[in-house]
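The structure file entry_0.txt is reproduced below (compact mmCIF, C-alpha atoms and all ligand atoms).
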# COMPACT_ATOMS: atom_id res chain seq x y z
CA MET B 1 22.96 126.68 -16.19
CA ASN B 2 19.25 126.19 -15.76
CA ALA B 3 18.19 123.36 -18.05
CA PHE B 4 14.56 124.30 -17.69
CA PRO B 5 13.06 127.17 -19.62
CA GLU B 6 12.04 130.34 -17.92
CA THR B 7 8.66 131.21 -19.36
CA PRO B 8 8.61 134.74 -20.74
CA TYR B 9 5.21 135.77 -19.43
CA LEU B 10 2.07 134.21 -18.08
CA LEU B 11 -1.20 134.69 -19.87
CA ALA B 12 -3.99 136.40 -18.00
CA ASP B 13 -6.64 134.67 -20.09
CA PRO B 14 -7.09 131.00 -19.06
CA SER B 15 -8.80 130.26 -22.37
CA ARG B 16 -5.37 130.64 -24.00
CA TYR B 17 -3.57 128.28 -21.61
CA GLY B 18 -1.79 125.35 -23.24
CA HIS B 19 -3.13 121.80 -22.93
CA VAL B 20 -1.33 119.16 -20.87
CA THR B 21 -1.54 115.51 -21.88
CA LEU B 22 -0.65 113.15 -19.03
CA LEU B 23 0.53 110.16 -20.96
CA GLY B 24 1.39 106.64 -19.80
CA ALA B 25 4.26 105.10 -21.79
CA GLY B 26 3.64 101.49 -20.75
CA PRO B 27 6.01 99.11 -18.95
CA GLY B 28 9.07 99.21 -21.19
CA ASP B 29 8.60 97.43 -24.52
CA PRO B 30 7.90 100.36 -26.88
CA GLU B 31 5.36 98.27 -28.80
CA LEU B 32 3.16 98.21 -25.71
CA LEU B 33 2.40 101.91 -26.14
CA THR B 34 -1.25 102.58 -27.01
CA ILE B 35 -2.15 103.96 -30.43
CA LYS B 36 -3.67 106.99 -28.75
CA ALA B 37 -0.43 107.65 -26.87
CA ALA B 38 1.66 107.31 -30.04
CA LYS B 39 -0.57 109.80 -31.87
CA ALA B 40 -0.35 112.31 -29.03
CA LEU B 41 3.45 112.06 -29.05
CA GLN B 42 3.61 112.48 -32.82
CA ARG B 43 1.66 115.75 -32.47
CA SER B 44 3.71 117.07 -29.54
CA SER B 45 6.06 120.04 -29.50
CA LEU B 46 7.25 119.71 -25.90
CA VAL B 47 7.70 116.53 -23.86
CA LEU B 48 8.51 116.34 -20.14
CA TYR B 49 9.63 112.79 -19.45
CA ASP B 50 10.67 110.48 -16.62
CA HIS B 51 13.52 108.00 -16.37
CA LEU B 52 11.44 104.86 -17.02
CA VAL B 53 10.59 105.98 -20.56
CA SER B 54 12.45 104.32 -23.44
CA GLU B 55 14.39 106.13 -26.17
CA GLU B 56 12.20 104.51 -28.83
CA ILE B 57 9.08 106.03 -27.33
CA LEU B 58 10.66 109.47 -26.98
CA ALA B 59 11.73 109.21 -30.61
CA LEU B 60 8.07 109.23 -31.66
CA ALA B 61 7.91 112.95 -30.89
CA PRO B 62 8.85 115.08 -33.92
CA ALA B 63 12.56 115.86 -34.26
CA THR B 64 11.69 119.50 -33.65
CA ALA B 65 9.93 118.80 -30.33
CA GLU B 66 11.70 119.88 -27.16
CA ARG B 67 12.41 117.06 -24.72
CA LEU B 68 12.96 117.83 -21.06
CA TYR B 69 14.13 115.16 -18.65
CA VAL B 70 12.45 115.76 -15.30
CA GLY B 71 12.53 112.20 -13.97
CA LYS B 72 13.73 111.05 -10.64
CA GLN B 73 16.36 108.43 -10.16
CA ALA B 74 18.62 108.24 -7.13
CA SER B 75 21.80 108.82 -9.13
CA ARG B 76 20.36 111.17 -11.72
CA HIS B 77 18.05 113.43 -9.83
CA ALA B 78 16.43 116.03 -12.01
CA LEU B 79 13.56 117.86 -10.36
CA PRO B 80 11.57 117.32 -7.16
CA GLN B 81 7.88 116.61 -7.71
CA GLU B 82 6.73 120.09 -6.61
CA GLN B 83 9.04 121.69 -9.15
CA ILE B 84 7.82 119.41 -11.93
CA ILE B 85 4.29 120.55 -11.17
CA GLU B 86 5.41 124.17 -10.97
CA LEU B 87 7.17 123.90 -14.34
CA MET B 88 4.16 122.27 -16.00
CA LEU B 89 1.86 124.98 -14.68
CA ARG B 90 4.20 127.76 -15.78
CA LEU B 91 4.54 126.36 -19.28
CA ALA B 92 0.81 125.77 -19.71
CA ARG B 93 -0.05 129.23 -18.36
CA SER B 94 2.31 130.79 -20.88
CA GLY B 95 0.33 129.08 -23.64
CA ARG B 96 2.57 126.03 -24.27
CA SER B 97 0.93 122.68 -24.79
CA LEU B 98 2.93 119.72 -23.59
CA VAL B 99 3.00 116.00 -23.10
CA ARG B 100 3.88 114.75 -19.62
CA LEU B 101 5.30 111.30 -20.32
CA LYS B 102 5.56 108.72 -17.54
CA GLY B 103 6.43 105.04 -17.35
CA GLY B 104 3.57 102.56 -17.05
CA ASP B 105 0.31 104.27 -16.16
CA GLY B 106 0.48 107.74 -14.67
CA TYR B 107 -2.33 107.03 -12.21
CA ILE B 108 -0.67 103.89 -10.80
CA PHE B 109 2.18 104.86 -8.48
CA GLY B 110 3.12 107.52 -11.01
CA ARG B 111 2.11 110.66 -9.09
CA GLY B 112 -0.18 111.46 -12.01
CA GLY B 113 -2.98 112.10 -9.52
CA GLU B 114 -1.03 114.92 -7.90
CA GLU B 115 -0.23 116.46 -11.27
CA ALA B 116 -3.82 116.21 -12.48
CA ILE B 117 -5.13 117.82 -9.28
CA ALA B 118 -2.67 120.72 -9.65
CA LEU B 119 -3.71 121.23 -13.28
CA ALA B 120 -7.40 121.06 -12.44
CA GLU B 121 -7.02 123.52 -9.58
CA ALA B 122 -5.08 125.94 -11.78
CA GLY B 123 -7.71 125.77 -14.52
CA VAL B 124 -5.26 124.25 -17.04
CA PRO B 125 -6.99 121.99 -19.56
CA PHE B 126 -5.59 118.47 -19.51
CA SER B 127 -6.32 114.95 -20.63
CA VAL B 128 -5.09 111.58 -19.42
CA ILE B 129 -4.00 108.75 -21.70
CA PRO B 130 -3.57 105.50 -19.77
CA GLY B 131 -0.64 103.16 -20.22
CA LEU B 132 -0.20 99.49 -19.44
CA SER B 133 1.13 99.33 -15.92
CA ALA B 134 4.24 97.32 -15.04
CA ALA B 135 2.06 94.70 -13.35
CA GLN B 136 0.22 93.92 -16.57
CA GLY B 137 3.45 93.85 -18.56
CA ALA B 138 5.17 91.60 -16.03
CA GLY B 139 2.22 89.24 -15.76
CA ALA B 140 2.08 88.71 -19.51
CA SER B 141 5.78 88.45 -20.21
CA ALA B 142 6.73 86.37 -17.17
CA GLY B 143 3.79 83.98 -17.56
CA ILE B 144 1.91 84.88 -14.39
CA PRO B 145 -1.84 85.47 -14.83
CA LEU B 146 -2.55 87.93 -12.05
CA THR B 147 -6.00 86.52 -11.38
CA HIS B 148 -7.32 83.01 -11.94
CA ARG B 149 -10.61 81.59 -10.71
CA ASP B 150 -8.89 78.75 -8.87
CA HIS B 151 -6.20 80.91 -7.28
CA ALA B 152 -7.03 84.56 -6.75
CA GLY B 153 -10.29 86.47 -6.72
CA ALA B 154 -8.61 89.73 -5.83
CA LEU B 155 -5.57 91.60 -7.03
CA VAL B 156 -3.81 94.16 -4.86
CA PHE B 157 -1.26 96.69 -6.09
CA ALA B 158 0.84 97.98 -3.21
CA THR B 159 3.93 100.09 -2.78
CA GLY B 160 7.00 98.73 -1.03
CA HIS B 161 8.42 102.23 -0.71
CA LEU B 162 9.67 103.23 2.71
CA ARG B 163 7.62 105.69 4.69
CA SER B 164 8.92 109.26 4.61
CA ASP B 165 10.74 108.77 7.93
CA ARG B 166 12.50 105.85 6.14
CA GLN B 167 11.90 103.51 9.06
CA ALA B 168 9.21 101.13 7.84
CA VAL B 169 6.93 100.10 5.02
CA ASP B 170 3.54 101.37 6.04
CA LEU B 171 1.07 98.76 4.77
CA ASP B 172 -1.97 96.97 6.13
CA TRP B 173 -0.18 93.63 6.53
CA GLU B 174 -3.21 91.77 7.81
CA ALA B 175 -5.20 92.65 4.70
CA LEU B 176 -2.27 91.81 2.42
CA ALA B 177 -1.68 88.42 4.06
CA ARG B 178 -5.21 87.15 3.28
CA PRO B 179 -5.48 84.03 1.12
CA ARG B 180 -6.86 83.81 -2.44
CA GLN B 181 -5.44 87.07 -3.66
CA THR B 182 -2.43 88.17 -5.68
CA LEU B 183 -0.18 90.91 -4.39
CA VAL B 184 1.86 92.99 -6.77
CA ILE B 185 4.36 95.20 -5.05
CA TYR B 186 5.90 98.17 -6.83
CA MET B 187 9.14 99.81 -5.64
CA GLY B 188 9.89 96.91 -3.31
CA VAL B 189 13.40 95.76 -4.30
CA GLY B 190 15.06 97.38 -1.28
CA THR B 191 12.36 96.32 1.15
CA LEU B 192 11.74 92.77 -0.12
CA PRO B 193 13.01 91.07 3.08
CA VAL B 194 10.76 93.27 5.25
CA ILE B 195 7.75 92.68 3.02
CA CYS B 196 8.13 88.88 3.02
CA ARG B 197 8.81 88.78 6.75
CA GLU B 198 5.77 90.91 7.64
CA LEU B 199 3.45 88.93 5.38
CA VAL B 200 4.44 85.64 7.00
CA ALA B 201 4.24 87.20 10.48
CA HIS B 202 0.67 88.25 9.66
CA GLY B 203 -0.44 84.80 8.56
CA LEU B 204 0.56 84.28 4.93
CA ALA B 205 1.69 80.66 4.40
CA ALA B 206 5.49 80.53 4.37
CA ASP B 207 5.46 78.39 1.20
CA THR B 208 3.34 80.87 -0.83
CA PRO B 209 4.88 81.17 -4.31
CA ALA B 210 6.57 84.50 -5.03
CA ALA B 211 8.37 86.02 -7.99
CA ILE B 212 10.39 89.09 -8.74
CA VAL B 213 10.35 90.37 -12.32
CA GLU B 214 13.16 92.74 -13.24
CA ARG B 215 12.87 94.99 -16.32
CA ALA B 216 9.62 93.34 -17.35
CA THR B 217 8.86 93.35 -21.12
CA MET B 218 12.38 94.50 -21.98
CA PRO B 219 14.88 92.33 -23.88
CA ASP B 220 16.91 91.72 -20.72
CA GLU B 221 13.94 90.86 -18.50
CA ARG B 222 14.73 88.46 -15.65
CA CYS B 223 12.30 86.59 -13.46
CA LEU B 224 13.21 84.77 -10.27
CA THR B 225 10.74 82.54 -8.51
CA GLY B 226 10.65 80.94 -5.11
CA THR B 227 8.47 81.36 -2.05
CA VAL B 228 7.95 84.25 0.34
CA THR B 229 10.58 82.55 2.48
CA THR B 230 13.24 82.04 -0.20
CA LEU B 231 12.74 84.99 -2.55
CA PRO B 232 14.61 87.66 -0.55
CA MET B 233 17.77 85.53 -0.50
CA LEU B 234 17.46 84.64 -4.19
CA ALA B 235 16.99 88.27 -5.17
CA ALA B 236 20.01 89.33 -3.12
CA GLN B 237 22.18 86.53 -4.57
CA GLN B 238 21.21 87.43 -8.12
CA LYS B 239 21.53 91.17 -7.47
CA VAL B 240 18.08 92.08 -8.68
CA ARG B 241 17.82 95.81 -9.29
CA THR B 242 15.08 98.31 -9.82
CA PRO B 243 12.84 98.49 -11.81
CA ALA B 244 11.44 95.21 -10.56
CA LEU B 245 8.05 94.04 -9.40
CA ILE B 246 7.27 91.50 -6.72
CA VAL B 247 4.36 89.14 -7.34
CA ILE B 248 3.08 87.02 -4.44
CA GLY B 249 0.36 84.40 -4.58
CA SER B 250 -0.37 80.93 -5.87
CA VAL B 251 -0.75 82.24 -9.46
CA VAL B 252 3.05 82.41 -9.52
CA GLY B 253 2.98 78.61 -9.53
CA LEU B 254 1.43 78.70 -13.03
CA ARG B 255 4.57 80.18 -14.50
CA PRO B 256 6.39 76.96 -15.51
CA LEU B 257 3.52 76.16 -17.84
CA LEU B 258 2.95 79.67 -19.12
CA ALA B 259 6.38 81.33 -19.32
CA GLN B 260 7.12 82.34 -22.87
CA ARG B 261 9.60 79.86 -24.29
CA ARG B 262 11.73 82.52 -25.98
CA ARG B 263 12.59 83.90 -22.57
CA GLU B 264 14.00 80.65 -21.22
CA THR B 265 17.57 81.76 -21.88
CA ASN B 266 17.05 84.52 -19.34
CA GLU B 267 15.92 82.15 -16.63
CA LEU B 268 17.97 82.15 -13.50
CA GLU B 269 15.87 79.84 -11.41
CA ALA B 270 13.23 77.36 -12.43
CA CYS B 271 9.91 77.70 -10.66
CA ALA B 272 9.69 75.30 -7.73
N1 LIG B 301 3.50 104.21 -13.12
C1 LIG B 301 4.30 103.01 -13.19
C2 LIG B 301 4.92 102.66 -11.85
C3 LIG B 301 5.93 103.70 -11.37
S1 LIG B 301 6.61 103.30 -9.82
C4 LIG B 301 3.46 101.85 -13.72
O1 LIG B 301 2.23 101.99 -13.83
O2 LIG B 301 4.04 100.82 -14.05
C5 LIG B 301 8.12 102.56 -10.29
C6 LIG B 301 8.09 101.09 -10.02
O3 LIG B 301 7.32 100.41 -11.03
C7 LIG B 301 9.43 100.40 -10.06
O4 LIG B 301 10.11 100.55 -8.83
C8 LIG B 301 9.02 98.97 -10.29
O5 LIG B 301 8.55 98.37 -9.12
C9 LIG B 301 7.84 99.14 -11.23
N2 LIG B 301 8.22 99.00 -12.64
C10 LIG B 301 8.13 99.92 -13.60
N3 LIG B 301 8.53 99.43 -14.79
C11 LIG B 301 8.89 98.15 -14.57
C12 LIG B 301 9.37 97.10 -15.38
N4 LIG B 301 9.58 97.25 -16.69
N5 LIG B 301 9.62 95.90 -14.80
C13 LIG B 301 9.40 95.70 -13.50
N6 LIG B 301 8.95 96.67 -12.67
C14 LIG B 301 8.69 97.87 -13.20

For this file, write the structure as structure tokens.
Amino acid sequence: MNAFPETPYLLADPSRYGHVTLLGAGPGDPELLTIKAAKALQRSSLVLYDHLVSEEILALAPATAERLYVGKQASRHALPQEQIIELMLRLARSGRSLVRLKGGDGYIFGRGGEEAIALAEAGVPFSVIPGLSAAQGAGASAGIPLTHRDHAGALVFATGHLRSDRQAVDLDWEALARPRQTLVIYMGVGTLPVICRELVAHGLAADTPAAIVERATMPDERCLTGTVTTLPMLAAQQKVRTPALIVIGSVVGLRPLLAQRRRETNELEACA
């Protein structure tokens, strides 16, 4: 059975196309949703959502709203990206307005850019509501200020995802290994050993503090800290799983002072 609706007909008149709201749901804790995002959900009649979106946030849509899971997760694959775009375009061109709900911020490693380009090119009206990205959530809840005048004057968000040929992580290691910056790596759980090894090989000090924050802002958040040399082993020993963010830089060393006390029961490893 096809879980996704076949649209009955497409409108010839673009002025009657539905409106698409690309909406960022924030990092996990439902209270970190913006007021603007909550209002858009409360007005929605159709929501296309990804796997990093919590039940509580989905529940803000009216009971009568249709909810379609289109997210991608290795074990629960729903739709490839091209088909998500295709479906959104079909729905909007048939006059349906919808909310496209994504974890974090849609424009930060959320493929929101691709979706917005497709909408713009098709003449579908859309708006973008930002969400707090996982990096901001993790920084606050794990006690790691991502910038600090004494530690980091630059902040880099990078992907640890494997290249499409699945052979290597394709990053500018020399740039990432520079001092006085904080690196936040998304989608890097599987490639953590490669990332740490390449950074050190390109000149990053082997004792640079590093953390991995699993399920940031959620009740079962875990944070492990060590150095770029020790973190891969720690993460493997403690079976860290996605979603998790890697934070590298001397700001990680501020965590013992700044970690929220109520989270101490979740600690696995004290910061060195
Ligand atoms: N658009 C999202 C990122 C999507 S990419 C954002 O702005 O946050 C998916 C990756 O984001 C995951 O592999 C993980 O690295 C990170 N991520 C998302 N939610 C997270 C969370 N609650 N805790 C830690 N990492 C998270």

Pick out the closest residue to Gly18 in chain B from this set: B:Leu224, B:Leu162, B:Val99, B:Val184. Count all atoms listed in the file.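 Of all the options, B:Val99 lies closest to Gly18 in chain B.
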
Compare B:Leu245, B:Ala158, B:Val70, B:Ala61 by their minimum atom-to-atom distance to Glu82 in chain B, counting all atoms listed in the file, and give me the closest one.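 For Glu82 in chain B, the nearest of the candidates is B:Val70.
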
Shell of 7 Å around ligand LIG 301 (chain B) (all atoms listed in the file), written as a PDB file with C-alpha atoms, in the coordinates of the input:
ATOM      1  CA  GLY B  26       3.640 101.490 -20.750  1.00  0.00           C
ATOM      2  CA  PRO B  27       6.010  99.110 -18.950  1.00  0.00           C
ATOM      3  CA  GLY B  28       9.070  99.210 -21.190  1.00  0.00           C
ATOM      4  CA  LEU B  52      11.440 104.860 -17.020  1.00  0.00           C
ATOM      5  CA  LYS B 102       5.560 108.720 -17.540  1.00  0.00           C
ATOM      6  CA  GLY B 103       6.430 105.040 -17.350  1.00  0.00           C
ATOM      7  CA  GLY B 104       3.570 102.560 -17.050  1.00  0.00           C
ATOM      8  CA  ASP B 105       0.310 104.270 -16.160  1.00  0.00           C
ATOM      9  CA  GLY B 106       0.480 107.740 -14.670  1.00  0.00           C
ATOM     10  CA  TYR B 107      -2.330 107.030 -12.210  1.00  0.00           C
ATOM     11  CA  ILE B 108      -0.670 103.890 -10.800  1.00  0.00           C
ATOM     12  CA  PHE B 109       2.180 104.860  -8.480  1.00  0.00           C
ATOM     13  CA  GLY B 110       3.120 107.520 -11.010  1.00  0.00           C
ATOM     14  CA  LEU B 132      -0.200  99.490 -19.440  1.00  0.00           C
ATOM     15  CA  SER B 133       1.130  99.330 -15.920  1.00  0.00           C
ATOM     16  CA  ALA B 134       4.240  97.320 -15.040  1.00  0.00           C
ATOM     17  CA  ALA B 135       2.060  94.700 -13.350  1.00  0.00           C
ATOM     18  CA  ALA B 138       5.170  91.600 -16.030  1.00  0.00           C
ATOM     19  CA  ILE B 185       4.360  95.200  -5.050  1.00  0.00           C
ATOM     20  CA  TYR B 186       5.900  98.170  -6.830  1.00  0.00           C
ATOM     21  CA  MET B 187       9.140  99.810  -5.640  1.00  0.00           C
ATOM     22  CA  GLY B 188       9.890  96.910  -3.310  1.00  0.00           C
ATOM     23  CA  VAL B 213      10.350  90.370 -12.320  1.00  0.00           C
ATOM     24  CA  GLU B 214      13.160  92.740 -13.240  1.00  0.00           C
ATOM     25  CA  ARG B 215      12.870  94.990 -16.320  1.00  0.00           C
ATOM     26  CA  ALA B 216       9.620  93.340 -17.350  1.00  0.00           C
ATOM     27  CA  THR B 217       8.860  93.350 -21.120  1.00  0.00           C
ATOM     28  CA  MET B 218      12.380  94.500 -21.980  1.00  0.00           C
ATOM     29  CA  THR B 242      15.080  98.310  -9.820  1.00  0.00           C
ATOM     30  CA  PRO B 243      12.840  98.490 -11.810  1.00  0.00           C
ATOM     31  CA  ALA B 244      11.440  95.210 -10.560  1.00  0.00           C
ATOM     32  CA  LEU B 245       8.050  94.040  -9.400  1.00  0.00           C
TER      33      LEU B 245
END

Adding 4 Å on each side of the box along x, y and z that holds all listed atoms of range 231-240 of chain B, could you give its centre and edge lengths in Å to one decimal, as AutoDock Vina command-line options?
--center_x 17.5 --center_y 88.4 --center_z -4.6 --size_x 17.4 --size_y 15.4 --size_z 16.2

Pick the closest to Leu91 in chain B from B:Ala142, B:Ala116, B:Tyr69, B:Leu10: which is it, counting all atoms listed in the file?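 Residue with the minimum atom-to-atom distance to Leu91 in chain B: B:Leu10.
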
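Atom to atom, CA of Pro130 in chain B and CA of Gln83 in chain B stand 23.1 Å apart.
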
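Pairwise distance (CA of Ile57 in chain B, CA of Ala38 in chain B) equals 8.0 Å.
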
Give me, please, the distance in Å between CA of Gly112 in chain B and CA of Ala37 in chain B, quoted to one decimal.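 So the answer is 15.3 Å.
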
Which residues are close to Asp170 in chain B, i.e. within 9 Å by only C-alpha atoms, leaving aside same-chain residues fewer than 4 positions away? Reply as a list of chain:residue names.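 Contacts, with the query itself left out: B:Thr159, B:Gly160, B:His161, B:Leu162, B:Arg163.
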
Residue nearest Ala152 in chain B among B:Ala259, B:Leu199, B:Val251, B:Val189 (counting all atoms listed in the file):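 Of B:Ala259, B:Leu199, B:Val251, B:Val189, the one nearest Ala152 in chain B is B:Val251, counting all atoms listed in the file.
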
Name all residues at most 9 Å from Val200 in chain B (count only C-alpha atoms; drop same-chain ones fewer than 4 positions away) and give them as a PyMOL selection string. chain B and resi 177+195-196+204-206+228-229

Surrounding residues of Ser127 in chain B excluding itself and chain neighbours under 2 positions, 9 Å, all atoms listed in the file, as a PyMOL selection string: chain B and resi 19-23+116+125+129

Selected residue, from B:Leu146, B:Leu155, B:Val252, B:Leu171, that lies nearest to Ala210 in chain B when counting only C-alpha atoms: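 Counting only C-alpha atoms, the residue closest to Ala210 in chain B is B:Val252.
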
Skipping near chain neighbours, those fewer than 5 positions away, what residues fall within 8 Å of range 172-176 of chain B using all atoms listed in the file, listed as an MDAnalysis selection string? chainID B and resid 156 183 198:199 202:203

Restricting the calculation to all atoms listed in the file: of B:Glu221, B:Asp150, B:Asp13, B:Asp207, which residue gets closest to Ala92 in chain B?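 Of B:Glu221, B:Asp150, B:Asp13, B:Asp207, the one nearest Ala92 in chain B is B:Asp13, counting all atoms listed in the file.
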
At a cut-off of 10 Å, using only C-alpha atoms, what residues contact Ser15 in chain B? Leave out same-chain residues fewer than 4 positions from it and give the result as a list in words. Leu11, Arg93, Gly95, Gly123, Val124 and Pro125 of chain B
